[in-house]
>>> print(open('model.cif').read())   # mmCIF, C-alpha atoms
data_my_file
loop_
_atom_site.label_atom_id
_atom_site.label_comp_id
_atom_site.auth_asym_id
_atom_site.auth_seq_id
_atom_site.Cartn_x
_atom_site.Cartn_y
_atom_site.Cartn_z
CA MET A 42 187.82 111.73 111.80
CA LYS A 43 184.37 110.23 112.49
CA LYS A 44 182.76 113.62 111.98
CA ASN A 45 184.54 113.98 108.63
CA ILE A 46 183.35 110.54 107.46
CA LEU A 47 179.75 111.31 108.45
CA PHE A 48 179.95 114.66 106.66
CA PHE A 49 181.25 112.94 103.51
CA ILE A 50 178.37 110.44 103.58
CA VAL A 51 175.81 113.21 103.90
CA ILE A 52 177.33 115.08 100.94
CA ILE A 53 177.14 111.97 98.74
CA ILE A 54 173.52 111.36 99.72
CA SER A 55 172.71 114.96 98.91
CA ALA A 56 174.12 114.61 95.41
CA LEU A 57 172.26 111.38 94.80
CA SER A 58 168.99 112.82 95.96
CA CYS A 59 169.34 116.18 94.12
CA GLN A 60 167.94 117.92 97.17
CA ASP A 61 167.87 121.70 97.33
CA SER A 62 167.65 121.83 101.14
CA VAL A 63 168.85 118.57 102.60
CA ASN A 64 166.81 116.89 105.32
CA ILE A 65 168.18 113.37 105.60
CA GLU A 66 167.87 110.90 108.43
CA LEU A 67 170.61 108.26 108.70
CA SER A 68 168.92 105.13 110.02
CA GLN A 69 170.70 102.56 112.14
CA GLU A 70 168.66 99.88 110.38
CA CYS A 71 170.39 98.58 107.25
CA GLU A 72 168.57 95.27 106.87
CA LYS A 73 167.39 94.77 103.32
CA SER A 74 163.66 94.24 102.78
CA PHE A 75 162.38 93.92 99.21
CA GLU A 76 158.83 92.82 100.03
CA ILE A 77 156.37 95.58 99.15
CA THR A 78 153.54 95.83 101.66
CA ALA A 79 150.57 98.16 102.06
CA PRO A 80 149.63 100.52 104.89
CA ASN A 81 146.80 99.42 107.18
CA GLY A 82 143.46 99.72 105.42
CA PHE A 83 144.93 98.65 102.06
CA GLU A 84 146.19 95.51 100.42
CA ILE A 85 148.73 95.25 97.61
CA ILE A 86 148.87 92.50 94.98
CA LEU A 87 151.56 91.78 92.39
CA LEU A 88 149.60 91.59 89.13
CA GLU A 89 152.41 90.90 86.70
CA THR A 90 156.16 91.14 86.25
CA ILE A 91 157.16 91.79 82.64
CA GLU A 92 160.13 89.66 81.59
CA TYR A 93 161.77 92.33 79.52
CA ASN A 94 165.27 93.30 78.44
CA GLY A 95 164.76 96.94 79.29
CA ASN A 96 163.07 99.40 81.62
CA LEU A 97 159.37 100.17 81.82
CA THR A 98 158.81 103.88 82.31
CA GLU A 99 155.11 104.78 81.93
CA ILE A 100 151.67 103.27 82.42
CA GLN A 101 148.34 104.55 81.06
CA PHE A 102 144.85 103.05 81.06
CA ILE A 103 142.02 103.99 78.71
CA ASP A 104 139.44 102.28 80.93
CA ASP A 105 139.60 99.80 83.79
CA MET A 106 140.54 96.93 81.48
CA THR A 107 142.62 98.38 78.62
CA GLY A 108 146.04 99.83 79.32
CA TYR A 109 149.51 100.38 77.90
CA LEU A 110 153.10 100.31 79.14
CA LEU A 111 156.03 102.14 77.58
CA GLY A 112 159.42 100.50 77.73
CA SER A 113 162.93 101.38 76.60
CA ASN A 114 164.77 98.30 75.34
CA ASN A 115 168.35 97.81 76.48
CA GLU A 116 169.34 96.83 72.95
CA GLY A 117 169.61 100.29 71.43
CA GLY A 118 167.16 101.88 73.88
CA TYR A 119 164.33 101.37 71.41
CA ALA A 120 160.66 101.85 72.31
CA ASP A 121 158.42 98.91 73.16
CA ILE A 122 154.70 99.08 73.89
CA PHE A 123 152.87 96.48 75.98
CA LYS A 124 149.07 96.23 76.03
CA THR A 125 146.60 94.66 78.47
CA THR A 126 142.89 94.04 78.01
CA ASP A 127 142.30 92.33 81.36
CA GLY A 128 143.10 95.10 83.82
CA GLY A 129 146.84 94.48 83.98
CA LYS A 130 146.93 90.74 84.74
CA THR A 131 148.56 89.89 81.40
CA TRP A 132 150.44 92.01 78.87
CA ASP A 133 151.28 91.55 75.19
CA ASN A 134 154.26 93.13 73.46
CA MET A 135 152.93 95.09 70.47
CA GLU A 136 156.28 94.45 68.73
CA LEU A 137 156.85 97.84 67.16
CA ILE A 138 158.56 97.61 63.79
CA LEU A 139 159.67 101.25 63.94
CA ARG A 140 162.67 101.34 66.26
CA GLU A 141 163.07 104.72 67.93
CA VAL A 142 164.34 105.84 71.34
CA PRO A 143 161.24 106.94 73.32
CA ARG A 144 160.57 109.80 75.67
CA ASN A 145 156.87 109.66 76.55
CA MET A 146 153.65 107.81 75.69
CA PHE A 147 150.11 109.16 75.48
CA PHE A 148 146.85 107.55 74.34
CA LEU A 149 144.00 109.88 73.44
CA ASN A 150 141.47 107.03 73.35
CA ASP A 151 141.39 103.28 72.71
CA ASN A 152 142.47 103.78 69.08
CA ILE A 153 144.71 106.84 68.87
CA GLY A 154 148.03 106.91 70.69
CA PHE A 155 151.47 108.50 70.47
CA VAL A 156 155.06 107.92 71.48
CA THR A 157 157.37 110.91 71.43
CA PHE A 158 160.95 110.00 70.56
CA TYR A 159 164.37 111.55 70.20
CA GLY A 160 164.71 113.56 67.00
CA SER A 161 165.13 117.11 65.80
CA ASN A 162 161.62 118.05 64.62
CA GLY A 163 159.13 117.08 67.31
CA ASN A 164 159.09 113.48 66.15
CA LEU A 165 156.17 111.19 67.00
CA LEU A 166 155.09 107.62 66.51
CA LYS A 167 151.31 107.50 66.04
CA THR A 168 148.77 104.66 66.03
CA THR A 169 145.12 104.83 65.02
CA ASP A 170 144.27 101.18 65.70
CA GLY A 171 145.10 100.71 69.38
CA GLY A 172 148.78 100.03 68.88
CA GLU A 173 148.66 97.38 66.18
CA ASN A 174 150.34 99.62 63.61
CA TRP A 175 152.41 102.79 63.94
CA TYR A 176 153.76 105.46 61.59
CA GLU A 177 156.16 108.37 62.03
CA LEU A 178 155.37 112.07 62.13
CA SER A 179 157.76 115.04 62.15
CA TYR A 180 157.30 118.79 61.77
CA ASN A 181 159.64 121.02 59.79
CA ASP A 182 158.48 124.09 61.71
CA LEU A 183 159.46 122.62 65.10
CA THR A 184 162.87 122.04 66.67
CA GLY A 185 163.53 119.64 69.50
CA VAL A 186 161.88 116.71 71.30
CA MET A 187 158.27 116.64 72.52
CA TYR A 188 157.47 115.68 76.11
CA HIS A 189 154.46 114.96 78.31
CA LEU A 190 151.56 114.98 75.85
CA GLN A 191 148.19 115.71 77.49
CA LYS A 192 144.66 116.60 76.42
CA ASP A 193 141.87 118.93 77.48
CA LYS A 194 138.13 118.23 77.59
CA GLU A 195 137.81 118.97 73.86
CA ASN A 196 140.62 116.53 72.98
CA ASN A 197 143.04 119.29 72.02
CA ILE A 198 146.55 117.97 72.66
CA TYR A 199 149.36 119.84 74.41
CA SER A 200 153.09 119.22 74.67
CA MET A 201 156.34 120.80 75.75
CA ILE A 202 159.14 120.82 73.19
CA THR A 203 162.80 121.53 73.83
CA ASP A 204 166.20 120.90 72.27
CA THR A 205 167.90 121.54 75.69
CA LYS A 206 169.81 124.46 74.14
CA SER A 207 166.90 126.92 74.14
CA ASN A 208 163.82 127.66 76.23
CA PRO A 209 161.08 125.02 76.15
CA LEU A 210 157.93 125.94 74.22
CA LEU A 211 154.32 125.09 75.05
CA LEU A 212 152.52 123.60 72.03
CA LYS A 213 148.88 122.95 71.18
CA SER A 214 147.32 120.80 68.45
CA SER A 215 143.62 121.04 67.59
CA ASP A 216 143.75 118.47 64.77
CA THR A 217 145.09 115.35 66.53
CA THR A 218 148.76 116.26 65.90
CA LYS A 219 148.52 116.99 62.16
CA THR A 220 149.80 120.46 63.02
CA TRP A 221 151.07 122.27 66.11
CA ARG A 222 151.28 125.90 67.15
CA VAL A 223 153.33 127.55 69.85
CA ILE A 224 150.99 129.06 72.45
CA ASN A 225 153.61 130.23 74.95
CA ASP A 226 157.38 130.71 74.70
CA SER A 227 158.08 132.24 78.11
CA PRO A 228 161.76 132.35 79.14
CA ASP A 229 160.54 131.66 82.68
CA PHE A 230 159.58 128.04 81.93
CA GLY A 231 161.38 125.41 83.96
CA PHE A 232 161.51 121.91 82.54
CA ASP A 233 162.05 118.38 83.81
CA LEU A 234 162.59 115.48 81.44
CA ILE A 235 161.14 112.90 83.83
CA THR A 236 158.66 114.47 86.22
CA PHE A 237 156.37 117.51 86.28
CA SER A 238 156.80 120.12 83.56
CA PHE A 239 153.16 121.07 82.97
CA LYS A 240 149.63 119.87 83.69
CA VAL A 241 146.30 120.59 81.99
CA TYR A 242 143.47 120.96 84.50
CA ASP A 243 139.98 122.15 83.59
CA GLU A 244 140.44 125.48 81.72
CA ASN A 245 143.98 126.11 82.94
CA ILE A 246 147.53 124.92 82.29
CA TYR A 247 149.95 124.77 85.23
CA ILE A 248 153.59 125.03 84.11
CA SER A 249 156.79 124.58 86.08
CA GLY A 250 158.81 127.79 86.31
CA LYS A 251 162.51 128.43 86.80
CA ASN A 252 162.24 130.53 89.94
CA LYS A 253 160.52 128.21 92.43
CA GLU A 254 157.21 129.06 90.82
CA ILE A 255 154.32 127.64 88.82
CA LEU A 256 152.91 129.64 85.93
CA ILE A 257 149.17 129.40 85.21
CA THR A 258 147.86 130.06 81.71
CA ASP A 259 144.55 129.58 79.96
CA LEU A 260 144.20 126.93 77.25
CA GLU A 261 145.55 129.37 74.66
CA GLY A 262 148.73 129.90 76.67
CA ASN A 263 147.89 133.37 77.96
CA LEU A 264 149.46 133.97 81.37
CA LYS A 265 146.85 134.37 84.12
CA SER A 266 148.89 134.23 87.33
CA THR A 267 152.03 132.90 89.01
CA ILE A 268 152.29 130.76 92.15
CA GLN A 269 155.40 130.88 94.35
CA THR A 270 156.23 127.49 95.91
CA GLY A 271 159.65 127.95 97.50
CA LEU A 272 160.76 124.63 95.95
CA ASP A 273 163.77 124.47 93.64
CA GLY A 274 162.84 121.07 92.22
CA ILE A 275 159.24 120.02 91.57
CA TRP A 276 158.74 116.29 91.08
CA ASP A 277 154.96 115.72 91.21
CA PHE A 278 152.00 118.05 91.07
CA GLU A 279 148.38 117.30 92.00
CA ILE A 280 145.46 119.67 91.47
CA ILE A 281 142.53 118.49 93.58
CA ASP A 282 140.66 121.66 92.70
CA GLU A 283 141.71 125.26 92.05
CA ASP A 284 142.20 125.83 95.78
CA ASN A 285 143.70 122.53 96.93
CA ILE A 286 147.10 121.80 95.38
CA ILE A 287 149.82 119.30 96.37
CA VAL A 288 153.44 119.66 95.25
CA THR A 289 156.28 117.23 95.95
CA GLY A 290 159.79 118.60 95.72
CA SER A 291 163.24 117.13 96.11
CA SER A 292 163.25 117.74 99.86
CA LYS A 293 159.62 118.02 101.03
CA THR A 294 155.94 117.99 100.09
CA ILE A 295 153.77 121.06 100.45
CA LYS A 296 150.04 121.73 100.27
CA SER A 297 147.91 124.80 99.62
CA ILE A 298 144.21 125.26 100.36
CA ASP A 299 143.98 128.72 98.78
CA GLY A 300 145.24 128.21 95.25
CA GLY A 301 148.93 128.61 96.08
CA LYS A 302 148.83 131.85 98.07
CA ASN A 303 150.01 130.02 101.17
CA TRP A 304 151.70 126.65 101.69
CA VAL A 305 152.15 124.21 104.57
CA ASP A 306 154.58 121.29 104.76
CA ILE A 307 152.88 117.89 104.89
CA TYR A 308 156.06 115.79 104.64
CA ASP A 309 159.59 116.91 105.42
CA LYS A 310 161.64 114.57 103.21
CA SER A 311 161.56 113.54 99.56
CA ALA A 312 158.49 111.68 98.30
CA ARG A 313 156.61 110.64 95.17
CA LEU A 314 152.91 111.35 94.87
CA ILE A 315 150.54 108.49 94.03
CA ASP A 316 147.20 110.24 94.49
CA PHE A 317 145.23 112.74 96.51
CA SER A 318 141.58 111.84 95.94
CA ASN A 319 140.35 114.76 98.06
CA PRO A 320 141.95 117.44 100.27
CA ASP A 321 142.21 115.07 103.23
CA GLU A 322 143.07 111.67 101.78
CA GLY A 323 146.26 110.92 99.91
CA LEU A 324 148.82 108.23 99.07
CA MET A 325 152.54 108.82 98.58
CA ILE A 326 155.83 106.95 98.55
CA LEU A 327 157.80 108.45 101.43
CA ASN A 328 161.54 108.39 101.98
CA LYS A 329 162.17 107.59 105.65
CA SER A 330 165.95 107.26 106.01
CA TYR A 331 169.23 106.14 104.49
CA CYS A 332 171.57 103.38 105.62
CA PRO A 333 174.72 105.07 107.03
CA SER A 334 177.02 102.33 105.71
CA ASP A 335 175.50 102.27 102.20
CA VAL A 336 174.54 105.63 100.70
CA TYR A 337 172.78 103.84 97.83
CA GLN A 338 170.26 102.23 100.21
CA SER A 339 167.21 104.23 101.15
CA ASN A 340 164.35 103.01 103.31
CA ASP A 341 160.97 103.98 101.85
CA VAL A 342 157.32 103.32 102.67
CA ILE A 343 153.91 103.70 101.09
CA GLY A 344 152.10 106.26 103.24
CA PHE A 345 148.39 107.07 103.54
CA THR A 346 146.90 110.13 105.19
CA ASN A 347 143.26 110.87 106.00
CA ASP A 348 143.88 114.13 107.82
CA ALA A 349 145.50 116.25 105.08
CA GLY A 350 149.04 115.08 105.81
CA ILE A 351 149.17 115.75 109.53
CA ASN A 352 149.66 112.02 110.17
CA TRP A 353 150.69 109.15 107.90
CA ILE A 354 149.80 105.46 108.13
CA GLU A 355 152.83 103.64 106.75
CA SER A 356 153.67 100.28 105.17
CA ASN A 357 156.74 98.34 106.19
CA PRO A 358 159.97 99.89 104.87
CA VAL A 359 161.22 98.71 101.48
CA ILE A 360 164.71 99.17 100.07
CA ASN A 361 164.87 101.84 97.35
CA LEU A 362 161.11 101.81 96.70
CA LYS A 363 161.07 105.49 95.68
CA ARG A 364 164.04 105.07 93.35
CA ASN A 365 162.51 102.01 91.65
CA TYR A 366 159.08 103.63 91.26
CA SER A 367 158.25 104.83 87.73
CA ASP A 368 154.56 105.68 87.39
CA ASN A 369 151.02 104.95 88.54
CA ILE A 370 147.43 105.18 87.36
CA VAL A 371 144.18 105.49 89.32
CA LEU A 372 141.34 103.45 87.83
CA SER A 373 137.69 104.51 88.00
CA SER A 374 137.04 101.54 90.28
CA GLY A 375 139.25 103.19 92.89
CA LYS A 376 142.12 100.76 92.41
CA TYR A 377 145.68 102.00 92.03
CA LEU A 378 148.12 100.40 89.61
CA ILE A 379 151.73 101.17 90.50
CA LEU A 380 154.71 100.53 88.21
CA ILE A 381 157.80 99.59 90.20
CA GLU A 382 160.75 98.53 88.05
CA ASN A 383 159.15 96.04 85.62
CA SER A 384 156.35 94.93 87.92
CA ILE A 385 152.75 96.14 88.11
CA TYR A 386 151.18 96.18 91.56
CA GLU A 387 147.50 96.67 92.37
CA LEU A 388 146.80 98.67 95.54
CA ILE A 389 143.26 98.26 96.85
CA ARG A 390 141.49 99.94 99.73
CA LYS A 391 139.83 97.40 102.00
#
>>> encode(input="model.cif", output="structure tokens")
Amino acid sequence: MKKNILFFIVIIISALSCQDSVNIELSQECEKSFEITAPNGFEIILLETIEYNGNLTEIQFIDDMTGYLLGSNNEGGYADIFKTTDGGKTWDNMELILREVPRNMFFLNDNIGFVTFYGSNGNLLKTTDGGENWYELSYNDLTGVMYHLQKDKENNIYSMITDTKSNPLLLKSSDTTKTWRVINDSPDFGFDLITFSFKVYDENIYISGKNKEILITDLEGNLKSTIQTGLDGIWDFEIIDEDNIIVTGSSKTIKSIDGGKNWVDIYDKSARLIDFSNPDEGLMILNKSYCPSDVYQSNDVIGFTNDAGINWIESNPVINLKRNYSDNIVLSSGKYLILIENSIYELIRK
């Protein structure tokens, strides 16, 4: 009977974690700790908690002082944008008049920004005055919802669009979203609403594939090569350079030093990637274990490595830290701003 109960608990945890190859440790420690600490060599400061009837989902900074938060209001799920001009210490609600249900936020510069929202024709909210005023855009030649807007060095903008019934398409705009064109419609694209679906880096675009792979195209969408990862689910993706790549999946984190030809495991459970500033030094949120009497309680830490993931210096465990994490941004000053639930934390290296 005890074996059957333990097996049932593991199955539930597997479903909650969406893990393709389960590697779960059931801890005997079920004490609840909600205090977020930093690993040795760092300090963490709570900058601000937004009193907000909704969930904050994304953070982006234009420079070290000016940044934006995207929220989804519980009353209708409508978009809200918060702005800071003091590095995240205080935030003002921009009080959007246009009420739409958001997907993603992207600011091209300190004036021009976008919110993609649910609709049938690639619908956008756009501002040209830093978020003070917004207007709607839609495109009769597109079908679906846009996700994960990004830019290249020339300020061309890219997006994935999907209606969930057909294959996602890779889009490019060279006129600040006045028009879009499809640059790749591969049936091999994989897509994730929340985490990694594609990333623009230098002269390449790295795109999540269906078959445990990453497709690499040029900036016009022409396929250059394919990387096999062995991961069913890709959560986060970091390109340090064309050789050094970090990928977090639903059950482990892997690293390549040869552009994806070969991979090594650097963490053997689920994790979320904060930053890898160089091939040796990185920060992640690491799942350590689950409470055996409460499958909804995970024990997570902030981990730092300075030897390419061979060893990790860890913070004290925090309950459900990985689940409550939404986004982060690395400032040019070297500070990290981490969005956990509706609170913004500043992580500083001593």
>>> resolve_selection(input="model.cif", expression="the PyMOL selection byres ((chain A and resi 250-265) around 10)", output="PyMOL selection string")
chain A and resi 193+197+199+211-213+223-232+238-249+266-275+301
>>> resolve_selection(input="model.cif", expression="the PyMOL selection byres ((chain A and resi 323) around 9)", output="number ranges by chain")
A: 314-322, 324-325, 344-350
>>> closest_atom_pairs(input="model.cif", of="stretch 309-372 of chain A", to="stretch 115-128 of chain A", cutoff="12 Å", atoms="all atoms listed in the file", output="Markdown table")
| residue | atom | partner | partner_atom | distance |
| --- | --- | --- | --- | --- |
| A:Ile370 | CA | A:Gly128 | CA | 11.5 |
| A:Val371 | CA | A:Gly128 | CA | 11.8 |
| A:Leu372 | CA | A:Gly128 | CA | 9.4 |
>>> atom_distance(input="model.cif", atom1="atom CA of A:Tyr180", atom2="atom CA of A:Thr220")
7.8 Å
>>> resolve_selection(input="model.cif", expression="the PyMOL selection byres ((chain A and resi 83-92) around 12)", output="mmCIF file with C-alpha atoms, in the coordinates of the input")
data_model
loop_
_atom_site.group_PDB
_atom_site.id
_atom_site.type_symbol
_atom_site.label_atom_id
_atom_site.label_comp_id
_atom_site.auth_asym_id
_atom_site.auth_seq_id
_atom_site.Cartn_x
_atom_site.Cartn_y
_atom_site.Cartn_z
ATOM 1 C CA GLU A 76 158.830 92.820 100.030
ATOM 2 C CA ILE A 77 156.370 95.580 99.150
ATOM 3 C CA THR A 78 153.540 95.830 101.660
ATOM 4 C CA ALA A 79 150.570 98.160 102.060
ATOM 5 C CA PRO A 80 149.630 100.520 104.890
ATOM 6 C CA ASN A 81 146.800 99.420 107.180
ATOM 7 C CA GLY A 82 143.460 99.720 105.420
ATOM 8 C CA TYR A 93 161.770 92.330 79.520
ATOM 9 C CA ASN A 94 165.270 93.300 78.440
ATOM 10 C CA GLY A 95 164.760 96.940 79.290
ATOM 11 C CA ASN A 96 163.070 99.400 81.620
ATOM 12 C CA LEU A 97 159.370 100.170 81.820
ATOM 13 C CA LEU A 110 153.100 100.310 79.140
ATOM 14 C CA LEU A 111 156.030 102.140 77.580
ATOM 15 C CA GLY A 112 159.420 100.500 77.730
ATOM 16 C CA ASN A 114 164.770 98.300 75.340
ATOM 17 C CA ASP A 121 158.420 98.910 73.160
ATOM 18 C CA ILE A 122 154.700 99.080 73.890
ATOM 19 C CA PHE A 123 152.870 96.480 75.980
ATOM 20 C CA LYS A 124 149.070 96.230 76.030
ATOM 21 C CA THR A 125 146.600 94.660 78.470
ATOM 22 C CA ASP A 127 142.300 92.330 81.360
ATOM 23 C CA GLY A 128 143.100 95.100 83.820
ATOM 24 C CA GLY A 129 146.840 94.480 83.980
ATOM 25 C CA LYS A 130 146.930 90.740 84.740
ATOM 26 C CA THR A 131 148.560 89.890 81.400
ATOM 27 C CA TRP A 132 150.440 92.010 78.870
ATOM 28 C CA ASP A 133 151.280 91.550 75.190
ATOM 29 C CA ASN A 134 154.260 93.130 73.460
ATOM 30 C CA LEU A 324 148.820 108.230 99.070
ATOM 31 C CA ILE A 343 153.910 103.700 101.090
ATOM 32 C CA GLY A 344 152.100 106.260 103.240
ATOM 33 C CA PHE A 345 148.390 107.070 103.540
ATOM 34 C CA ILE A 354 149.800 105.460 108.130
ATOM 35 C CA GLU A 355 152.830 103.640 106.750
ATOM 36 C CA SER A 356 153.670 100.280 105.170
ATOM 37 C CA GLY A 375 139.250 103.190 92.890
ATOM 38 C CA LYS A 376 142.120 100.760 92.410
ATOM 39 C CA TYR A 377 145.680 102.000 92.030
ATOM 40 C CA LEU A 378 148.120 100.400 89.610
ATOM 41 C CA ILE A 379 151.730 101.170 90.500
ATOM 42 C CA LEU A 380 154.710 100.530 88.210
ATOM 43 C CA ILE A 381 157.800 99.590 90.200
ATOM 44 C CA GLU A 382 160.750 98.530 88.050
ATOM 45 C CA ASN A 383 159.150 96.040 85.620
ATOM 46 C CA SER A 384 156.350 94.930 87.920
ATOM 47 C CA ILE A 385 152.750 96.140 88.110
ATOM 48 C CA TYR A 386 151.180 96.180 91.560
ATOM 49 C CA GLU A 387 147.500 96.670 92.370
ATOM 50 C CA LEU A 388 146.800 98.670 95.540
ATOM 51 C CA ILE A 389 143.260 98.260 96.850
ATOM 52 C CA ARG A 390 141.490 99.940 99.730
ATOM 53 C CA LYS A 391 139.830 97.400 102.000
#
>>> atom_distance(input="model.cif", atom1="atom CA of A:Trp175", atom2="atom CA of A:Leu190")
17.1 Å
>>> residues_around(input="model.cif", residues="A:Asp284", least_positions_apart="6", cutoff="10 Å", atoms="all atoms listed in the file", output="list of chain:residue names")
A:Lys296, A:Ser297, A:Ile298, A:Asp299, A:Gly300, A:Gly301, A:Lys302, A:Pro320
>>> atom_distance(input="model.cif", atom1="atom CA of A:Asp335", atom2="atom CA of A:Ser292")
19.9 Å
>>> closest_residue(input="model.cif", among="A:Gly108, A:His189, A:Ser179, A:Cys71", to="A:Ser330", atoms="all atoms listed in the file")
A:Cys71
>>> closest_residue(input="model.cif", among="A:Ser367, A:Asn181, A:Asn328, A:Thr217", to="A:Asn164", atoms="only C-alpha atoms")
A:Asn181
>>> closest_residue(input="model.cif", among="A:Ala312, A:Met106, A:Ile360, A:Leu139", to="A:Ile295", atoms="all atoms listed in the file")
A:Ala312
>>> closest_residue(input="model.cif", among="A:Ser207, A:Asn174, A:Pro358, A:Ile307", to="A:Met135", atoms="all atoms listed in the file")
A:Asn174
>>> closest_residue(input="model.cif", among="A:Asp105, A:Glu72, A:Asp277, A:Asp182", to="A:Ile235", atoms="only C-alpha atoms")
A:Asp277
>>> decode(input="model.cif", residues="stretch 289-311 of chain A", atoms="N, CA and C atoms", output="mmCIF file, in the first residue's frame")
data_model
loop_
_atom_site.group_PDB
_atom_site.id
_atom_site.type_symbol
_atom_site.label_atom_id
_atom_site.label_comp_id
_atom_site.auth_asym_id
_atom_site.auth_seq_id
_atom_site.Cartn_x
_atom_site.Cartn_y
_atom_site.Cartn_z
ATOM 1 N N THR A 289 17.425 25.227 -20.900
ATOM 2 C CA THR A 289 16.732 24.581 -19.791
ATOM 3 C C THR A 289 15.487 23.900 -20.332
ATOM 4 N N GLY A 290 15.309 22.655 -19.920
ATOM 5 C CA GLY A 290 14.133 21.898 -20.300
ATOM 6 C C GLY A 290 13.278 21.590 -19.093
ATOM 7 N N SER A 291 12.257 20.798 -19.296
ATOM 8 C CA SER A 291 11.338 20.490 -18.200
ATOM 9 C C SER A 291 11.927 19.515 -17.191
ATOM 10 N N SER A 292 13.065 18.898 -17.509
ATOM 11 C CA SER A 292 13.637 17.944 -16.563
ATOM 12 C C SER A 292 15.126 18.130 -16.320
ATOM 13 N N LYS A 293 15.804 18.989 -17.092
ATOM 14 C CA LYS A 293 17.228 19.217 -16.865
ATOM 15 C C LYS A 293 17.693 20.420 -17.674
ATOM 16 N N THR A 294 18.932 20.838 -17.395
ATOM 17 C CA THR A 294 19.568 21.932 -18.129
ATOM 18 C C THR A 294 20.816 21.398 -18.802
ATOM 19 N N ILE A 295 20.995 21.758 -20.063
ATOM 20 C CA ILE A 295 22.127 21.257 -20.828
ATOM 21 C C ILE A 295 22.943 22.428 -21.385
ATOM 22 N N LYS A 296 24.190 22.134 -21.706
ATOM 23 C CA LYS A 296 25.097 23.157 -22.222
ATOM 24 C C LYS A 296 25.929 22.580 -23.363
ATOM 25 N N SER A 297 26.163 23.424 -24.372
ATOM 26 C CA SER A 297 27.035 23.056 -25.478
ATOM 27 C C SER A 297 28.152 24.083 -25.600
ATOM 28 N N ILE A 298 29.349 23.615 -25.934
ATOM 29 C CA ILE A 298 30.476 24.521 -26.185
ATOM 30 C C ILE A 298 30.916 24.461 -27.648
ATOM 31 N N ASP A 299 30.105 23.760 -28.482
ATOM 32 C CA ASP A 299 30.463 23.635 -29.892
ATOM 33 C C ASP A 299 29.259 23.902 -30.795
ATOM 34 N N GLY A 300 28.432 24.859 -30.376
ATOM 35 C CA GLY A 300 27.312 25.253 -31.215
ATOM 36 C C GLY A 300 26.180 24.255 -31.308
ATOM 37 N N GLY A 301 26.077 23.341 -30.349
ATOM 38 C CA GLY A 301 24.979 22.389 -30.319
ATOM 39 C C GLY A 301 25.293 21.033 -30.893
ATOM 40 N N LYS A 302 26.535 20.800 -31.304
ATOM 41 C CA LYS A 302 26.892 19.462 -31.805
ATOM 42 C C LYS A 302 26.887 18.444 -30.682
ATOM 43 N N ASN A 303 27.347 18.868 -29.513
ATOM 44 C CA ASN A 303 27.384 17.988 -28.345
ATOM 45 C C ASN A 303 26.852 18.751 -27.137
ATOM 46 N N TRP A 304 26.255 17.996 -26.202
ATOM 47 C CA TRP A 304 25.653 18.595 -25.018
ATOM 48 C C TRP A 304 26.115 17.862 -23.765
ATOM 49 N N VAL A 305 26.215 18.612 -22.663
ATOM 50 C CA VAL A 305 26.455 18.017 -21.348
ATOM 51 C C VAL A 305 25.397 18.549 -20.390
ATOM 52 N N ASP A 306 25.007 17.714 -19.423
ATOM 53 C CA ASP A 306 24.048 18.139 -18.406
ATOM 54 C C ASP A 306 24.765 19.003 -17.373
ATOM 55 N N ILE A 307 24.176 20.138 -17.034
ATOM 56 C CA ILE A 307 24.743 20.957 -15.959
ATOM 57 C C ILE A 307 23.790 21.069 -14.769
ATOM 58 N N TYR A 308 22.556 20.582 -14.918
ATOM 59 C CA TYR A 308 21.658 20.434 -13.769
ATOM 60 C C TYR A 308 20.631 19.376 -14.122
ATOM 61 N N ASP A 309 20.344 18.483 -13.173
ATOM 62 C CA ASP A 309 19.574 17.286 -13.507
ATOM 63 C C ASP A 309 18.120 17.340 -13.066
ATOM 64 N N LYS A 310 17.603 18.526 -12.747
ATOM 65 C CA LYS A 310 16.182 18.700 -12.468
ATOM 66 C C LYS A 310 15.706 19.944 -13.216
ATOM 67 N N SER A 311 14.439 20.291 -13.031
ATOM 68 C CA SER A 311 13.908 21.462 -13.720
ATOM 69 C C SER A 311 14.514 22.736 -13.151
#
